[in-house]
Amino acid sequence: DVYKIHILSCCLPQMRERGYGRIVLISSILAESPVVSTGIYAGCKGFLDSIAKTVALENAGKGVTCNTIQLGYFDGGLTYRIPEKILDHIVGSIPMKRIGTIDELNDLIQTLISVEYITGTSIKMNGGLDF
């Protein structure tokens with residue numbers, strides 16, 4: 001997450017100068033609803049959400065938007081580290097009864113890139129899972 005902030009500081013001046021930019025940061029539903037043993041991870045994701053809101057506020061009049069997507073369980077990333085028996089239990093608790101796909105995430109990112117009036121928000125993408 002520190003690298004994301006560094007990239008922001010490098011790209012923002014150019015986006016402001018052009019009068020256009022779209023920033024989409026990937027966060028986690030744990031940012032708002034941490035669970036046991038996720039303190040540092042959840043805190044870092046909450047930090048991303050806060051940075052996105054600040055960047056959005058400071059740059060909305062300059063044609064730059066900034067949002068976060070708070071992911072639930074997806075076909076990729078840390079989900080691969082979860083033992084199959086535990087993952088089956090997690091999937092059973094998700095109202096949609098499945099994990100998200102990378103294609104679905106890509107669709108949401110494309111929407112955030114194309115719609116100028118969405119900025120400073122965190123969108124939960126979790127199949128209805130709410131801790």
# chains A, B, ... in the order shown; residues from 1 in each chain; ligands from 1
>>> select_by_dssp(residues="chain A", states="strand (DSSP E or B)", output="PyMOL selection string")
chain A and resi 21-28+64-71+74+100+122-125
>>> residues_around(residues="Phe74 (chain A)", least_positions_apart="3", cutoff="10 Å", atoms="only C-alpha atoms", output="PDB file with N, CA and C atoms, in the first residue's frame")
ATOM      1  N   LEU A  71     -12.835  -4.933  -1.737  1.00  0.00           N
ATOM      2  CA  LEU A  71     -13.109  -6.295  -2.188  1.00  0.00           C
ATOM      3  C   LEU A  71     -13.430  -7.231  -1.035  1.00  0.00           C
ATOM      4  N   GLY A  77      -5.395 -13.474  -5.496  1.00  0.00           N
ATOM      5  CA  GLY A  77      -4.791 -12.854  -4.323  1.00  0.00           C
ATOM      6  C   GLY A  77      -4.736 -13.751  -3.108  1.00  0.00           C
ATOM      7  N   LEU A  78      -5.040 -13.166  -1.959  1.00  0.00           N
ATOM      8  CA  LEU A  78      -4.930 -13.891  -0.695  1.00  0.00           C
ATOM      9  C   LEU A  78      -5.921 -15.043  -0.559  1.00  0.00           C
ATOM     10  N   THR A  79      -6.954 -15.057  -1.366  1.00  0.00           N
ATOM     11  CA  THR A  79      -7.942 -16.134  -1.294  1.00  0.00           C
ATOM     12  C   THR A  79      -7.277 -17.486  -1.545  1.00  0.00           C
ATOM     13  N   TYR A  80      -6.235 -17.509  -2.356  1.00  0.00           N
ATOM     14  CA  TYR A  80      -5.533 -18.764  -2.656  1.00  0.00           C
ATOM     15  C   TYR A  80      -4.833 -19.350  -1.443  1.00  0.00           C
ATOM     16  N   ARG A  98     -20.759 -17.616  -3.850  1.00  0.00           N
ATOM     17  CA  ARG A  98     -19.579 -17.762  -4.688  1.00  0.00           C
ATOM     18  C   ARG A  98     -18.632 -16.608  -4.406  1.00  0.00           C
ATOM     19  N   ILE A  99     -17.394 -16.761  -4.868  1.00  0.00           N
ATOM     20  CA  ILE A  99     -16.451 -15.655  -4.770  1.00  0.00           C
ATOM     21  C   ILE A  99     -16.527 -14.837  -6.058  1.00  0.00           C
ATOM     22  N   GLY A 100     -16.023 -13.623  -6.005  1.00  0.00           N
ATOM     23  CA  GLY A 100     -16.065 -12.742  -7.161  1.00  0.00           C
ATOM     24  C   GLY A 100     -15.033 -13.131  -8.203  1.00  0.00           C
ATOM     25  N   THR A 101     -15.225 -12.625  -9.416  1.00  0.00           N
ATOM     26  CA  THR A 101     -14.288 -12.911 -10.502  1.00  0.00           C
ATOM     27  C   THR A 101     -13.515 -11.651 -10.878  1.00  0.00           C
ATOM     28  N   ILE A 102     -12.382 -11.871 -11.463  1.00  0.00           N
ATOM     29  CA  ILE A 102     -11.558 -10.761 -11.927  1.00  0.00           C
ATOM     30  C   ILE A 102     -12.288  -9.979 -13.024  1.00  0.00           C
ATOM     31  N   GLU A 104     -15.472  -9.404 -13.179  1.00  0.00           N
ATOM     32  CA  GLU A 104     -16.424  -8.505 -12.503  1.00  0.00           C
ATOM     33  C   GLU A 104     -15.709  -7.286 -11.931  1.00  0.00           C
ATOM     34  N   LEU A 105     -14.538  -7.512 -11.371  1.00  0.00           N
ATOM     35  CA  LEU A 105     -13.745  -6.402 -10.852  1.00  0.00           C
ATOM     36  C   LEU A 105     -13.351  -5.461 -11.992  1.00  0.00           C
ATOM     37  N   MET A 125     -17.557  -4.508  -2.937  1.00  0.00           N
ATOM     38  CA  MET A 125     -17.794  -5.529  -3.969  1.00  0.00           C
ATOM     39  C   MET A 125     -17.547  -6.873  -3.292  1.00  0.00           C
ATOM     40  N   ASN A 126     -18.627  -7.426  -2.726  1.00  0.00           N
ATOM     41  CA  ASN A 126     -18.445  -8.576  -1.843  1.00  0.00           C
ATOM     42  C   ASN A 126     -19.535  -9.652  -1.943  1.00  0.00           C
ATOM     43  N   GLY A 127     -20.362  -9.601  -2.965  1.00  0.00           N
ATOM     44  CA  GLY A 127     -21.389 -10.620  -3.123  1.00  0.00           C
ATOM     45  C   GLY A 127     -22.463 -10.589  -2.043  1.00  0.00           C
TER      46      GLY A 127
END
>>> residues_around(residues="Gly21 (chain A)", least_positions_apart="5", cutoff="7 Å", atoms="only C-alpha atoms", output="number ranges by chain")
A: 15, 63-65
>>> write_last_selection(atoms="all heavy atoms", output="mmCIF file, in the first residue's frame")
data_model
loop_
_atom_site.group_PDB
_atom_site.id
_atom_site.type_symbol
_atom_site.label_atom_id
_atom_site.label_comp_id
_atom_site.auth_asym_id
_atom_site.auth_seq_id
_atom_site.Cartn_x
_atom_site.Cartn_y
_atom_site.Cartn_z
ATOM 1 N N MET A 15 -1.556 14.467 -13.828
ATOM 2 C CA MET A 15 -3.014 14.425 -14.021
ATOM 3 C C MET A 15 -3.604 15.828 -13.870
ATOM 4 O O MET A 15 -4.455 16.243 -14.655
ATOM 5 C CB MET A 15 -3.662 13.460 -13.036
ATOM 6 C CG MET A 15 -3.355 12.014 -13.295
ATOM 7 S SD MET A 15 -4.149 10.977 -12.025
ATOM 8 C CE MET A 15 -3.727 9.360 -12.595
ATOM 9 N N GLY A 63 -10.400 17.807 -12.571
ATOM 10 C CA GLY A 63 -10.660 16.725 -13.517
ATOM 11 C C GLY A 63 -10.135 15.369 -13.092
ATOM 12 O O GLY A 63 -10.104 14.438 -13.884
ATOM 13 N N VAL A 64 -9.722 15.248 -11.833
ATOM 14 C CA VAL A 64 -9.158 13.993 -11.335
ATOM 15 C C VAL A 64 -10.130 13.369 -10.340
ATOM 16 O O VAL A 64 -10.590 14.041 -9.415
ATOM 17 C CB VAL A 64 -7.793 14.226 -10.654
ATOM 18 C CG1 VAL A 64 -7.241 12.928 -10.082
ATOM 19 C CG2 VAL A 64 -6.803 14.853 -11.633
ATOM 20 N N THR A 65 -10.456 12.104 -10.538
ATOM 21 C CA THR A 65 -11.291 11.379 -9.583
ATOM 22 C C THR A 65 -10.452 10.320 -8.880
ATOM 23 O O THR A 65 -9.448 9.840 -9.420
ATOM 24 C CB THR A 65 -12.487 10.691 -10.276
ATOM 25 O OG1 THR A 65 -12.013 9.659 -11.148
ATOM 26 C CG2 THR A 65 -13.334 11.699 -11.039
#
>>> residues_around(residues="region 42-51 of chain A", least_positions_apart="6", cutoff="9 Å", atoms="only C-alpha atoms", output="ChimeraX atom specification")
/A:1-2,4-5,25-35,66-70,120-122
>>> write_last_selection(atoms="N, CA and C atoms", output="CSV table (one decimal), in the first residue's frame")
chain,number,residue,atom,x,y,z
A,1,ASP,N,0.8,-1.2,0.0
A,1,ASP,CA,0.0,0.0,0.0
A,1,ASP,C,0.9,1.3,0.0
A,2,VAL,N,2.0,1.2,0.6
A,2,VAL,CA,3.0,2.3,0.5
A,2,VAL,C,3.3,2.6,-0.9
A,4,LYS,N,1.5,2.2,-3.5
A,4,LYS,CA,0.3,2.9,-4.2
A,4,LYS,C,0.4,4.4,-3.9
A,5,ILE,N,0.7,4.8,-2.6
A,5,ILE,CA,0.8,6.2,-2.3
A,5,ILE,C,2.0,6.8,-3.0
A,25,LEU,N,-8.2,2.7,-6.4
A,25,LEU,CA,-7.3,1.9,-5.4
A,25,LEU,C,-8.1,0.7,-5.0
A,26,ILE,N,-7.4,-0.4,-4.8
A,26,ILE,CA,-8.0,-1.6,-4.4
A,26,ILE,C,-7.9,-1.7,-2.9
A,27,SER,N,-9.0,-1.8,-2.2
A,27,SER,CA,-9.0,-1.9,-0.7
A,27,SER,C,-9.6,-3.3,-0.3
A,28,SER,N,-10.2,-3.3,0.8
A,28,SER,CA,-10.8,-4.6,1.3
A,28,SER,C,-12.0,-4.2,2.2
A,29,ILE,N,-12.9,-5.2,2.2
A,29,ILE,CA,-14.0,-5.0,3.2
A,29,ILE,C,-13.6,-5.0,4.6
A,30,LEU,N,-12.4,-5.5,4.8
A,30,LEU,CA,-11.8,-5.5,6.2
A,30,LEU,C,-11.4,-4.1,6.6
A,31,ALA,N,-11.4,-3.1,5.7
A,31,ALA,CA,-11.1,-1.7,6.1
A,31,ALA,C,-12.2,-1.2,7.0
A,32,GLU,N,-13.4,-1.6,6.8
A,32,GLU,CA,-14.5,-1.1,7.7
A,32,GLU,C,-14.9,-2.2,8.7
A,33,SER,N,-14.7,-3.4,8.4
A,33,SER,CA,-15.1,-4.5,9.3
A,33,SER,C,-14.0,-5.5,9.5
A,34,PRO,N,-13.0,-5.1,10.3
A,34,PRO,CA,-11.9,-6.1,10.5
A,34,PRO,C,-12.3,-7.3,11.3
A,35,VAL,N,-11.6,-8.4,11.2
A,35,VAL,CA,-11.8,-9.6,11.9
A,35,VAL,C,-10.5,-9.9,12.7
A,66,CYS,N,-10.9,10.0,-7.7
A,66,CYS,CA,-10.2,8.9,-6.9
A,66,CYS,C,-11.2,8.2,-6.1
A,67,ASN,N,-11.2,6.8,-6.2
A,67,ASN,CA,-12.1,6.0,-5.5
A,67,ASN,C,-11.4,4.7,-5.1
A,68,THR,N,-12.0,4.0,-4.1
A,68,THR,CA,-11.5,2.7,-3.8
A,68,THR,C,-12.6,1.7,-4.0
A,69,ILE,N,-12.2,0.4,-4.2
A,69,ILE,CA,-13.1,-0.7,-4.3
A,69,ILE,C,-12.7,-1.6,-3.1
A,70,GLN,N,-13.6,-1.8,-2.2
A,70,GLN,CA,-13.4,-2.7,-1.1
A,70,GLN,C,-13.8,-4.1,-1.5
A,120,GLY,N,-14.3,10.0,-4.6
A,120,GLY,CA,-14.2,10.0,-3.1
A,120,GLY,C,-15.1,9.0,-2.5
A,121,THR,N,-15.4,7.9,-3.2
A,121,THR,CA,-16.2,6.9,-2.6
A,121,THR,C,-15.5,5.5,-2.5
A,122,SER,N,-16.0,4.7,-1.6
A,122,SER,CA,-15.5,3.3,-1.5
A,122,SER,C,-16.7,2.4,-1.8
>>> select_by_dssp(residues="chain A", states="helix (DSSP H, G or I)", output="PyMOL selection string")
chain A and resi 2-18+29-31+39-62+77-81+84-93+102-114
>>> atom_distance(atom1="CA of Gly61 (chain A)", atom2="CA of Thr119 (chain A)")
11.0 Å
>>> decode(residues="region 35-63 of chain A", atoms="N, CA and C atoms", output="mmCIF file, in the first residue's frame")
data_model
loop_
_atom_site.group_PDB
_atom_site.id
_atom_site.type_symbol
_atom_site.label_atom_id
_atom_site.label_comp_id
_atom_site.auth_asym_id
_atom_site.auth_seq_id
_atom_site.Cartn_x
_atom_site.Cartn_y
_atom_site.Cartn_z
ATOM 1 N N VAL A 35 -11.563 -8.353 11.150
ATOM 2 C CA VAL A 35 -11.791 -9.570 11.935
ATOM 3 C C VAL A 35 -10.512 -9.865 12.711
ATOM 4 N N VAL A 36 -10.576 -10.795 13.626
ATOM 5 C CA VAL A 36 -9.440 -11.139 14.470
ATOM 6 C C VAL A 36 -8.210 -11.446 13.614
ATOM 7 N N SER A 37 -7.076 -10.961 14.032
ATOM 8 C CA SER A 37 -5.766 -11.193 13.411
ATOM 9 C C SER A 37 -5.568 -10.474 12.081
ATOM 10 N N THR A 38 -6.360 -9.447 11.797
ATOM 11 C CA THR A 38 -6.183 -8.704 10.541
ATOM 12 C C THR A 38 -5.891 -7.232 10.800
ATOM 13 N N GLY A 39 -5.480 -6.895 11.999
ATOM 14 C CA GLY A 39 -5.332 -5.495 12.394
ATOM 15 C C GLY A 39 -4.488 -4.649 11.474
ATOM 16 N N ILE A 40 -3.274 -5.062 11.186
ATOM 17 C CA ILE A 40 -2.391 -4.250 10.346
ATOM 18 C C ILE A 40 -2.922 -4.195 8.917
ATOM 19 N N TYR A 41 -3.336 -5.334 8.385
ATOM 20 C CA TYR A 41 -3.878 -5.381 7.025
ATOM 21 C C TYR A 41 -5.111 -4.478 6.922
ATOM 22 N N ALA A 42 -6.047 -4.631 7.857
ATOM 23 C CA ALA A 42 -7.276 -3.836 7.843
ATOM 24 C C ALA A 42 -6.958 -2.350 7.995
ATOM 25 N N GLY A 43 -6.012 -2.023 8.847
ATOM 26 C CA GLY A 43 -5.628 -0.628 9.039
ATOM 27 C C GLY A 43 -5.049 -0.008 7.775
ATOM 28 N N CYS A 44 -4.225 -0.760 7.072
ATOM 29 C CA CYS A 44 -3.644 -0.272 5.814
ATOM 30 C C CYS A 44 -4.727 -0.039 4.772
ATOM 31 N N LYS A 45 -5.709 -0.916 4.719
ATOM 32 C CA LYS A 45 -6.791 -0.755 3.744
ATOM 33 C C LYS A 45 -7.666 0.440 4.121
ATOM 34 N N GLY A 46 -7.887 0.652 5.407
ATOM 35 C CA GLY A 46 -8.620 1.836 5.852
ATOM 36 C C GLY A 46 -7.873 3.113 5.493
ATOM 37 N N PHE A 47 -6.566 3.072 5.591
ATOM 38 C CA PHE A 47 -5.719 4.195 5.201
ATOM 39 C C PHE A 47 -5.925 4.517 3.720
ATOM 40 N N LEU A 48 -5.984 3.492 2.866
ATOM 41 C CA LEU A 48 -6.217 3.719 1.435
ATOM 42 C C LEU A 48 -7.552 4.417 1.199
ATOM 43 N N ASP A 49 -8.586 3.979 1.907
ATOM 44 C CA ASP A 49 -9.901 4.606 1.762
ATOM 45 C C ASP A 49 -9.840 6.082 2.147
ATOM 46 N N SER A 50 -9.130 6.384 3.215
ATOM 47 C CA SER A 50 -9.004 7.765 3.668
ATOM 48 C C SER A 50 -8.201 8.609 2.678
ATOM 49 N N ILE A 51 -7.119 8.064 2.171
ATOM 50 C CA ILE A 51 -6.315 8.776 1.177
ATOM 51 C C ILE A 51 -7.149 9.059 -0.067
ATOM 52 N N ALA A 52 -7.934 8.082 -0.509
ATOM 53 C CA ALA A 52 -8.759 8.272 -1.713
ATOM 54 C C ALA A 52 -9.741 9.419 -1.526
ATOM 55 N N LYS A 53 -10.352 9.501 -0.362
ATOM 56 C CA LYS A 53 -11.298 10.590 -0.099
ATOM 57 C C LYS A 53 -10.589 11.941 -0.113
ATOM 58 N N THR A 54 -9.405 11.992 0.455
ATOM 59 C CA THR A 54 -8.646 13.240 0.489
ATOM 60 C C THR A 54 -8.201 13.649 -0.913
ATOM 61 N N VAL A 55 -7.667 12.691 -1.670
ATOM 62 C CA VAL A 55 -7.237 12.986 -3.042
ATOM 63 C C VAL A 55 -8.432 13.456 -3.872
ATOM 64 N N ALA A 56 -9.582 12.810 -3.694
ATOM 65 C CA ALA A 56 -10.791 13.203 -4.430
ATOM 66 C C ALA A 56 -11.192 14.634 -4.090
ATOM 67 N N LEU A 57 -11.204 14.953 -2.820
ATOM 68 C CA LEU A 57 -11.580 16.290 -2.365
ATOM 69 C C LEU A 57 -10.638 17.357 -2.919
ATOM 70 N N GLU A 58 -9.353 17.077 -2.883
ATOM 71 C CA GLU A 58 -8.359 18.056 -3.312
ATOM 72 C C GLU A 58 -8.278 18.212 -4.826
ATOM 73 N N ASN A 59 -8.788 17.241 -5.584
ATOM 74 C CA ASN A 59 -8.575 17.251 -7.028
ATOM 75 C C ASN A 59 -9.844 17.204 -7.871
ATOM 76 N N ALA A 60 -10.999 17.206 -7.254
ATOM 77 C CA ALA A 60 -12.256 17.104 -8.004
ATOM 78 C C ALA A 60 -12.407 18.238 -9.011
ATOM 79 N N GLY A 61 -12.004 19.427 -8.663
ATOM 80 C CA GLY A 61 -12.116 20.563 -9.565
ATOM 81 C C GLY A 61 -11.035 20.596 -10.636
ATOM 82 N N LYS A 62 -10.143 19.629 -10.598
ATOM 83 C CA LYS A 62 -9.039 19.575 -11.560
ATOM 84 C C LYS A 62 -9.208 18.424 -12.549
ATOM 85 N N GLY A 63 -10.400 17.807 -12.571
ATOM 86 C CA GLY A 63 -10.660 16.725 -13.517
ATOM 87 C C GLY A 63 -10.135 15.369 -13.092
#
